[in-house]
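Below is the file upload-v3.pdb, which contains PDB, C-alpha atoms.
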ATOM      1  CA  MET I 160      66.570 103.505 121.273
ATOM      2  CA  THR I 161      66.282 100.161 122.984
ATOM      3  CA  THR I 162      66.615  99.732 126.732
ATOM      4  CA  ALA I 163      70.009  98.108 126.202
ATOM      5  CA  GLU I 164      71.225 101.135 124.206
ATOM      6  CA  THR I 165      70.022 103.673 126.763
ATOM      7  CA  SER I 166      71.685 101.779 129.607
ATOM      8  CA  GLY I 167      75.057 101.896 127.805
ATOM      9  CA  VAL I 168      75.015  98.212 126.826
ATOM     10  CA  ARG I 169      75.178  97.640 123.070
ATOM     11  CA  GLU I 170      73.088  95.074 121.270
ATOM     12  CA  ARG I 171      75.478  92.392 120.008
ATOM     13  CA  SER I 172      75.150  90.795 116.593
ATOM     14  CA  VAL I 173      77.295  89.194 113.911
ATOM     15  CA  VAL I 174      76.512  88.999 110.215
ATOM     16  CA  HIS I 175      78.656  86.518 108.280
ATOM     17  CA  SER I 176      79.094  87.014 104.566
ATOM     18  CA  THR I 177      81.253  86.011 101.632
ATOM     19  CA  PHE I 178      81.643  88.007  98.442
ATOM     20  CA  THR I 179      83.854  87.785  95.377
ATOM     21  CA  VAL I 180      84.942  90.668  93.168
ATOM     22  CA  GLU I 181      86.701  90.177  89.840
ATOM     23  CA  ARG I 182      88.581  92.808  87.864
ATOM     24  CA  VAL I 183      90.760  92.583  84.758
ATOM     25  CA  TYR I 184      93.805  94.843  84.591
ATOM     26  CA  ASP I 185      95.914  95.810  81.588
ATOM     27  CA  ALA I 186      99.073  94.798  83.450
ATOM     28  CA  THR I 187     101.013  91.600  83.986
ATOM     29  CA  PRO I 188     100.463  89.499  87.110
ATOM     30  CA  ALA I 189     103.932  90.587  88.279
ATOM     31  CA  ARG I 190     102.944  94.293  88.049
ATOM     32  CA  VAL I 191      99.629  93.723  89.826
ATOM     33  CA  PHE I 192     101.389  91.682  92.524
ATOM     34  CA  ALA I 193     103.957  94.472  92.959
ATOM     35  CA  ALA I 194     101.126  96.972  93.491
ATOM     36  CA  TRP I 195     100.029  94.879  96.496
ATOM     37  CA  SER I 196     103.473  93.891  97.792
ATOM     38  CA  ASP I 197     105.653  97.001  97.440
ATOM     39  CA  PRO I 198     104.907  99.583 100.170
ATOM     40  CA  VAL I 199     105.629 102.565  97.891
ATOM     41  CA  ALA I 200     103.449 101.171  95.082
ATOM     42  CA  LYS I 201     100.652 100.270  97.500
ATOM     43  CA  ALA I 202     100.653 103.757  99.023
ATOM     44  CA  ARG I 203      99.626 105.095  95.572
ATOM     45  CA  TRP I 204      96.225 103.397  95.748
ATOM     46  CA  PHE I 205      95.567 102.079  99.259
ATOM     47  CA  GLY I 206      94.266 104.631 101.716
ATOM     48  CA  PRO I 207      92.624 108.012 101.399
ATOM     49  CA  PRO I 208      93.255 109.821  98.105
ATOM     50  CA  ASP I 209      94.085 113.044  99.954
ATOM     51  CA  GLY I 210      96.984 111.350 101.770
ATOM     52  CA  SER I 211      95.441 112.005 105.202
ATOM     53  CA  ALA I 212      96.448 108.627 106.662
ATOM     54  CA  ASP I 213      98.525 108.674 109.858
ATOM     55  CA  GLY I 214     101.207 106.480 108.379
ATOM     56  CA  HIS I 215     101.144 103.157 106.642
ATOM     57  CA  GLU I 216     103.216 100.314 108.053
ATOM     58  CA  MET I 217     103.751  97.230 105.921
ATOM     59  CA  ASP I 218     105.848  94.077 106.443
ATOM     60  CA  PHE I 219     104.959  92.014 103.372
ATOM     61  CA  ARG I 220     105.900  88.413 104.233
ATOM     62  CA  PRO I 221     104.031  85.421 105.645
ATOM     63  CA  GLY I 222     103.360  86.340 109.268
ATOM     64  CA  GLY I 223     104.064  90.003 108.518
ATOM     65  CA  ARG I 224     101.650  92.767 109.398
ATOM     66  CA  GLU I 225     100.163  95.835 107.777
ATOM     67  CA  ARG I 226      98.526  98.789 109.498
ATOM     68  CA  LEU I 227      96.819 101.918 108.228
ATOM     69  CA  VAL I 228      95.154 104.595 110.376
ATOM     70  CA  VAL I 229      92.826 107.059 108.653
ATOM     71  CA  PRO I 230      91.436 109.991 110.632
ATOM     72  CA  SER I 231      88.218 111.549 109.364
ATOM     73  CA  PRO I 232      85.973 114.284 110.780
ATOM     74  CA  ASP I 233      83.619 111.740 112.382
ATOM     75  CA  ALA I 234      85.981 108.908 113.426
ATOM     76  CA  THR I 235      89.424 107.371 113.169
ATOM     77  CA  TRP I 236      89.494 104.189 111.085
ATOM     78  CA  THR I 237      92.163 101.537 111.654
ATOM     79  CA  PHE I 238      92.987  98.632 109.341
ATOM     80  CA  GLU I 239      95.247  95.924 110.795
ATOM     81  CA  SER I 240      96.228  92.887 108.752
ATOM     82  CA  ARG I 241      98.356  89.760 109.023
ATOM     83  CA  TYR I 242      99.684  88.024 105.907
ATOM     84  CA  GLU I 243      98.836  84.332 106.120
ATOM     85  CA  GLU I 244     100.191  83.116 102.768
ATOM     86  CA  ILE I 245     101.989  84.695  99.839
ATOM     87  CA  VAL I 246     102.710  83.059  96.480
ATOM     88  CA  PRO I 247     104.548  85.633  94.335
ATOM     89  CA  ASP I 248     102.576  86.794  91.283
ATOM     90  CA  GLU I 249      99.732  84.362  92.116
ATOM     91  CA  ARG I 250      98.107  84.678  95.542
ATOM     92  CA  ILE I 251      97.930  86.704  98.739
ATOM     93  CA  VAL I 252      95.897  85.565 101.748
ATOM     94  CA  HIS I 253      95.524  87.928 104.676
ATOM     95  CA  SER I 254      93.328  88.229 107.735
ATOM     96  CA  TYR I 255      92.343  91.670 108.912
ATOM     97  CA  VAL I 256      90.252  93.696 111.321
ATOM     98  CA  MET I 257      88.680  97.125 110.915
ATOM     99  CA  ASP I 258      88.053  99.465 113.850
ATOM    100  CA  ARG I 259      86.186 102.758 114.070
ATOM    101  CA  ASP I 260      87.756 104.618 116.956
ATOM    102  CA  GLU I 261      88.007 101.934 119.665
ATOM    103  CA  LEU I 262      85.116  99.857 118.298
ATOM    104  CA  ARG I 263      85.812  96.698 116.277
ATOM    105  CA  VAL I 264      83.494  96.709 113.250
ATOM    106  CA  SER I 265      84.654  93.599 111.383
ATOM    107  CA  ALA I 266      87.070  90.706 111.106
ATOM    108  CA  SER I 267      87.780  89.142 107.724
ATOM    109  CA  ILE I 268      89.963  86.840 105.699
ATOM    110  CA  ALA I 269      90.638  87.882 102.120
ATOM    111  CA  THR I 270      92.238  85.999  99.266
ATOM    112  CA  ILE I 271      93.615  87.819  96.240
ATOM    113  CA  GLN I 272      94.285  85.546  93.255
ATOM    114  CA  LEU I 273      96.030  86.669  90.069
ATOM    115  CA  PHE I 274      95.553  84.881  86.730
ATOM    116  CA  ALA I 275      97.257  85.776  83.449
ATOM    117  CA  GLU I 276      94.600  86.688  80.908
ATOM    118  CA  GLY I 277      95.885  87.640  77.475
ATOM    119  CA  ASP I 278      98.335  90.501  78.034
ATOM    120  CA  GLY I 279      96.695  91.364  81.340
ATOM    121  CA  THR I 280      95.642  89.943  84.683
ATOM    122  CA  ARG I 281      92.347  88.765  86.105
ATOM    123  CA  LEU I 282      92.257  89.550  89.826
ATOM    124  CA  VAL I 283      89.777  87.558  91.906
ATOM    125  CA  LEU I 284      89.308  88.830  95.457
ATOM    126  CA  THR I 285      87.204  86.727  97.827
ATOM    127  CA  GLU I 286      86.420  88.002 101.299
ATOM    128  CA  GLN I 287      84.814  86.104 104.156
ATOM    129  CA  GLY I 288      83.787  88.505 106.875
ATOM    130  CA  ALA I 289      82.184  88.771 110.271
ATOM    131  CA  PHE I 290      80.457  92.168 110.499
ATOM    132  CA  LEU I 291      79.941  93.129 114.104
ATOM    133  CA  ASP I 292      77.097  94.805 115.982
ATOM    134  CA  GLY I 293      75.623  96.530 112.911
ATOM    135  CA  GLN I 294      78.684  98.792 112.600
ATOM    136  CA  ASP I 295      79.465  97.696 109.016
ATOM    137  CA  THR I 296      77.635  95.671 106.385
ATOM    138  CA  PRO I 297      78.677  93.166 103.740
ATOM    139  CA  ALA I 298      77.154  95.391 101.022
ATOM    140  CA  ALA I 299      79.134  98.428 102.172
ATOM    141  CA  ARG I 300      82.371  96.410 102.341
ATOM    142  CA  GLU I 301      81.851  94.944  98.882
ATOM    143  CA  HIS I 302      81.120  98.413  97.493
ATOM    144  CA  GLY I 303      84.263  99.802  99.111
ATOM    145  CA  THR I 304      86.326  96.894  97.796
ATOM    146  CA  ARG I 305      85.087  97.499  94.247
ATOM    147  CA  GLU I 306      85.977 101.192  94.551
ATOM    148  CA  LEU I 307      89.431 100.321  95.886
ATOM    149  CA  LEU I 308      90.094  97.982  92.946
ATOM    150  CA  GLU I 309      89.143 100.811  90.580
ATOM    151  CA  VAL I 310      91.691 103.067  92.296
ATOM    152  CA  LEU I 311      94.241 100.273  91.824
ATOM    153  CA  ALA I 312      93.430 100.297  88.091
ATOM    154  CA  GLY I 313      94.255 103.995  87.954
ATOM    155  CA  ALA I 314      97.520 103.441  89.812
ATOM    156  CA  LEU I 315      98.494 100.662  87.388
ATOM    157  CA  ASP I 316      97.627 102.858  84.396
ATOM    158  CA  GLY I 317      99.734 105.668  85.827
ATOM    159  CA  ALA I 318     102.718 103.471  86.705
TER     160      ALA I 318
END

What would you get if you wrote out this structure as structure tokens?
Amino acid sequence: MTTAETSGVRERSVVHSTFTVERVYDATPARVFAAWSDPVAKARWFGPPDGSADGHEMDFRPGGRERLVVPSPDATWTFESRYEEIVPDERIVHSYVMDRDELRVSASIATIQLFAEGDGTRLVLTEQGAFLDGQDTPAAREHGTRELLEVLAGALDGA
């Protein structure tokens, strides 16, 4: 431990990163958009698979907010988002923060773009993030995003 850590003062740092994840779904852009925009549809894939979230609040409109709190044995995770721009069936831009307990771990802006591709949809998600004080990493966030988009694929297949 450093002197700053033992005295109760955390070392401060910020890592900035941008990543892009692409995924093709066997669903129309309208269906993929609905999976992001409809609270019932989104609850099928967004959040813990065991349903342990403490509620999911979603006001899907420009300026609207979304919030998800997920308790786990080691911490409570909170996702809070604001929708910046929405173009139905084409694009969603939102800014969001992630907290672990009372500690802010990141602040990001994410853009989800939907492109018709054959009978399906190519989703392109680009995230620009500020990862704070070593509490989260760009690699971990990208990995989690890829996993989340796989869960979305399952929800679309099951719809």

Measuring atom to atom with all atoms listed in the file, identify which of I:Thr280, I:Ser196, I:Thr270, I:Thr285 is nearest to I:Val183.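 Ranked by minimum distance to I:Val183, first place goes to I:Thr280.
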
List every residue of stretch 174-200 of chain I that has an atom at most 12 Å from any atom of stretch 228-248 of chain I, and for each one report the closest atom pair and its distance in Å to one decimal, counting only C-alpha atoms, with rows sorted by chain and then by increasing residue number, as a Markdown table.
| residue | atom | partner | partner_atom | distance |
| --- | --- | --- | --- | --- |
| I:Ala186 | CA | I:Asp248 | CA | 11.7 |
| I:Thr187 | CA | I:Asp248 | CA | 8.9 |
| I:Pro188 | CA | I:Asp248 | CA | 5.4 |
| I:Ala189 | CA | I:Asp248 | CA | 5.0 |
| I:Arg190 | CA | I:Asp248 | CA | 8.2 |
| I:Val191 | CA | I:Asp248 | CA | 7.7 |
| I:Phe192 | CA | I:Asp248 | CA | 5.2 |
| I:Ala193 | CA | I:Asp248 | CA | 8.0 |
| I:Ala194 | CA | I:Asp248 | CA | 10.5 |
| I:Trp195 | CA | I:Asp248 | CA | 10.0 |
| I:Ser196 | CA | I:Pro247 | CA | 9.0 |
| I:Asp197 | CA | I:Pro247 | CA | 11.8 |

Keeping only C-alpha atoms, write the selected residues to a file as a PDB file, keeping the file's coordinate frame.
ATOM      1  CA  ALA I 186      99.073  94.798  83.450  1.00  0.00           C
ATOM      2  CA  THR I 187     101.013  91.600  83.986  1.00  0.00           C
ATOM      3  CA  PRO I 188     100.463  89.499  87.110  1.00  0.00           C
ATOM      4  CA  ALA I 189     103.932  90.587  88.279  1.00  0.00           C
ATOM      5  CA  ARG I 190     102.944  94.293  88.049  1.00  0.00           C
ATOM      6  CA  VAL I 191      99.629  93.723  89.826  1.00  0.00           C
ATOM      7  CA  PHE I 192     101.389  91.682  92.524  1.00  0.00           C
ATOM      8  CA  ALA I 193     103.957  94.472  92.959  1.00  0.00           C
ATOM      9  CA  ALA I 194     101.126  96.972  93.491  1.00  0.00           C
ATOM     10  CA  TRP I 195     100.029  94.879  96.496  1.00  0.00           C
ATOM     11  CA  SER I 196     103.473  93.891  97.792  1.00  0.00           C
ATOM     12  CA  ASP I 197     105.653  97.001  97.440  1.00  0.00           C
TER      13      ASP I 197
END

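Picture a line from atom CA of I:Val174 to atom CA of I:Arg259; it runs 17.3 Å.
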
Using the chain letters and residue numbers of this document, give as a VMD selection string the residues selected by the PyMOL selection byres ((chain I and resi 202) around 12). chain I and resid 193 to 201 203 to 212 214 to 217 225 to 227 310 to 311 314

Please report the interatomic distance between atom CA of I:Ala312 and atom CA of I:Ala269 in Å with one decimal.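 It comes out at 18.9 Å.
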
For the atom pair atom CA of I:Phe290 and atom CA of I:Phe178, what is the interatomic distance in Å to one decimal place?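 Separation between atom CA of I:Phe290 and atom CA of I:Phe178: 12.8 Å.
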
Run the PyMOL selection byres ((chain I and resi 262-264) around 8) against the file shown and list the residues it catches, as a PyMOL selection string. chain I and resi 256-261+265-266+290-295

Quick one: everything within 9 Å of I:Glu181, counting only C-alpha atoms, minus sequence neighbours fewer than 6 positions away in the same chain. Send it as a ChimeraX atom specification. /I:281-285,305

For I:Ser267, the closest of I:Ser176, I:Ala298, I:Glu309, I:Asp185 counting all atoms listed in the file is I:Ser176

Minimum-distance residue to I:Ile271, chosen among I:Ala299, I:Ala289, I:Val180, I:Leu307 (using only C-alpha atoms):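 Closest to I:Ile271, using only C-alpha atoms: I:Val180.
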